[in-house]
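Participant: After the structure tokens below, expect a handful of questions from me.
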Amino acid sequence: LAALRQFYRLGARYMTITHFKTTEWADSATDDPRHGGLNDFGRAVIGEMNRLGMLVDLSHVSPETMTDVLGLTKAPVVFTHSDARALADHPRNVSDDILRRLPANGGVVMVNFYIGHLSQPYRLWSAERAAEEARLNSLLTGQPKAREAQLTAWDAAHPAPTATVALVADHIEHVARVAGYDHLGIGADLDGIGIDEAPAGMNSVSAYPLLFAELIRRGWSDA
């Protein structure tokens, strides 16, 4: 907790509770759980963040960690770059149960542009590709050129599913429908994803007007 206070003094005003791995005190969405959410020290961390005035970021945490934090925090939370789990069943995304709790908390879900979190077909394709890569690594150990050639052939025969700005808008509309407009933001994660890992045309901030145009086309007003 002393380190947390030092970071606050240095200017840190939010902290993401986990990243890809479970920490000593909080479970990650993309690692095996060890605490069932937060442990006692994790609860102390949230309390100290509240006391300091440091935002709790729940992107990357497990559903159990989300639940524990929402039951504990005295301040609004933020999901800095997450999507709707109802549309893409990735553990990094936010379930409707959690979305329904945001109005009482005052928190915000900021929708990101990573296709692996937006698109369920892409997520399934990615798992199949990873399985093929593991199979080739096992069968062709010590033969990197052969592995590369066969994986290239697999890619040609199994093209990745594509996505458009409409899919981002779908997630935005879902969050708005379940949590409400006041609990919705945009956190594209453009500094965290590859240039080819966003829907077509959505890999830079220049794409934001395309998204707003899509929402306007769907009937969104300035208000």
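We label chains A, B, ... in the order they appear in the structure tokens, count residues from 1 in each chain, and number ligands from 1 in the order shown.
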Name the residues in contact with Asp40 of chain A at a cut-off of 10 Å, using only C-alpha atoms, excluding same-chain residues fewer than 4 positions from it; report them as a count of residues only.

Facilitator: 5

Participant: From a backbone DSSP assignment, name each residue in segment 87-168 of chain A labelled strand (DSSP E), as a ChimeraX atom specification.

Facilitator: /A:108-111

Participant: For those residues, write C-alpha atoms to a file as a CSV table (one decimal), in the first residue's frame.

Facilitator:
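Output (part_15.csv):
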chain,number,residue,atom,x,y,z
A,108,VAL,CA,-18.4,3.5,-17.2
A,109,VAL,CA,-17.6,0.8,-19.8
A,110,MET,CA,-15.3,2.1,-22.6
A,111,VAL,CA,-15.8,0.0,-25.7

Participant: Which neighbours of Arg177 of chain A fall inside 12 Å, counting only C-alpha atoms, when residues of the same chain fewer than 6 positions from it are skipped, and could you give them as a ChimeraX atom specification?

Facilitator: /A:84,86,96,99-100,103,169-171,183-184

Participant: Can you tell me which residues surround Ala2 of chain A at a distance of at most 10 Å, considering only C-alpha atoms, apart from same-chain residues fewer than 5 positions away, and format the answer as a ChimeraX atom specification?

Facilitator: /A:7-8,48

Participant: Could you take the residues named above and write them with all heavy atoms, as a PDB file, in the first residue's frame?

Facilitator:
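Wrote out.pdb, looks like this:
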ATOM      1  N   PHE A   7       2.909   5.979  -5.934  1.00  0.00           N
ATOM      2  CA  PHE A   7       2.462   6.174  -7.318  1.00  0.00           C
ATOM      3  C   PHE A   7       1.433   7.300  -7.405  1.00  0.00           C
ATOM      4  O   PHE A   7       1.442   8.094  -8.350  1.00  0.00           O
ATOM      5  CB  PHE A   7       1.885   4.877  -7.900  1.00  0.00           C
ATOM      6  CG  PHE A   7       2.927   3.942  -8.443  1.00  0.00           C
ATOM      7  CD1 PHE A   7       3.180   2.720  -7.841  1.00  0.00           C
ATOM      8  CD2 PHE A   7       3.664   4.288  -9.566  1.00  0.00           C
ATOM      9  CE1 PHE A   7       4.144   1.870  -8.339  1.00  0.00           C
ATOM     10  CE2 PHE A   7       4.631   3.439 -10.077  1.00  0.00           C
ATOM     11  CZ  PHE A   7       4.876   2.226  -9.462  1.00  0.00           C
ATOM     12  N   TYR A   8       0.556   7.374  -6.412  1.00  0.00           N
ATOM     13  CA  TYR A   8      -0.428   8.463  -6.400  1.00  0.00           C
ATOM     14  C   TYR A   8       0.277   9.817  -6.293  1.00  0.00           C
ATOM     15  O   TYR A   8      -0.056  10.767  -7.009  1.00  0.00           O
ATOM     16  CB  TYR A   8      -1.410   8.269  -5.238  1.00  0.00           C
ATOM     17  CG  TYR A   8      -2.503   9.317  -5.225  1.00  0.00           C
ATOM     18  CD1 TYR A   8      -3.649   9.157  -5.992  1.00  0.00           C
ATOM     19  CD2 TYR A   8      -2.366  10.478  -4.471  1.00  0.00           C
ATOM     20  CE1 TYR A   8      -4.643  10.129  -6.003  1.00  0.00           C
ATOM     21  CE2 TYR A   8      -3.350  11.453  -4.477  1.00  0.00           C
ATOM     22  CZ  TYR A   8      -4.485  11.266  -5.246  1.00  0.00           C
ATOM     23  OH  TYR A   8      -5.464  12.230  -5.253  1.00  0.00           O
ATOM     24  N   GLU A  48      -7.971   1.497  -0.177  1.00  0.00           N
ATOM     25  CA  GLU A  48      -6.961   2.554  -0.204  1.00  0.00           C
ATOM     26  C   GLU A  48      -7.061   3.387  -1.474  1.00  0.00           C
ATOM     27  O   GLU A  48      -6.869   4.613  -1.430  1.00  0.00           O
ATOM     28  CB  GLU A  48      -5.560   1.940  -0.079  1.00  0.00           C
ATOM     29  CG  GLU A  48      -4.428   2.941   0.015  1.00  0.00           C
ATOM     30  CD  GLU A  48      -4.446   3.786   1.290  1.00  0.00           C
ATOM     31  OE1 GLU A  48      -5.372   3.642   2.125  1.00  0.00           O
ATOM     32  OE2 GLU A  48      -3.525   4.611   1.451  1.00  0.00           O
TER      33      GLU A  48
END

Participant: Figure out the distance between atom CA of Thr162 of chain A and atom CA of Gly192 of chain A, please, to one decimal in Å.

Facilitator: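 One can read the atom CA of Gly192 of chain A to atom CA of Thr162 of chain A distance as 19.5 Å.
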
Participant: Measuring atom to atom with only C-alpha atoms, identify which of A:Leu151, A:Leu215, A:Leu210, A:Ala223 is nearest to Ala134 of chain A.

Facilitator: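 Using only C-alpha atoms, the shortest distance to Ala134 of chain A belongs to A:Leu151.
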
Participant: Quote the spacing between atom CA of Ala163 of chain A and atom CA of Ala131 of chain A in Å to one decimal place.

Facilitator: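 The value is 22.3 Å.
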
Participant: Can you measure atom CA of Asp68 of chain A to atom CA of Pro33 of chain A for me? One decimal in Å is fine.

Facilitator: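 Distance reported for this atom pair: 13.5 Å.
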
Participant: Quick check for you: according to DSSP on this backbone, which residues of segment 10-180 of chain A are classed as helix (DSSP H, G or I)? Reply as a PyMOL selection string.

Facilitator: chain A and resi 40-52+63-72+96-99+102-105+115-118+120-139+144-157+165-178

Participant: Between A:Ala127, A:Met49, A:Ala200, A:Leu38, which is the closest to Thr164 of chain A once you count only C-alpha atoms?

Facilitator: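 For Thr164 of chain A, the nearest of the given residues is A:Ala200.
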
Participant: Which one is closest to Pro76 of chain A: A:Ile195, A:Ala104, A:Val94, A:Leu10? Count only C-alpha atoms.

Facilitator: A:Ala104

Participant: Show me, as an NGL selection string, the residues that have an atom within 7 Å of Ala188 of chain A when counting only C-alpha atoms, minus same-chain residues fewer than 3 positions from it.

Facilitator: :A and (81 or 111-113)

Participant: Using only C-alpha atoms, find the one residue out of A:Thr23, A:Ser119, A:Thr67, A:Ser28 that sits nearest to Leu102 of chain A.

Facilitator: A:Thr67
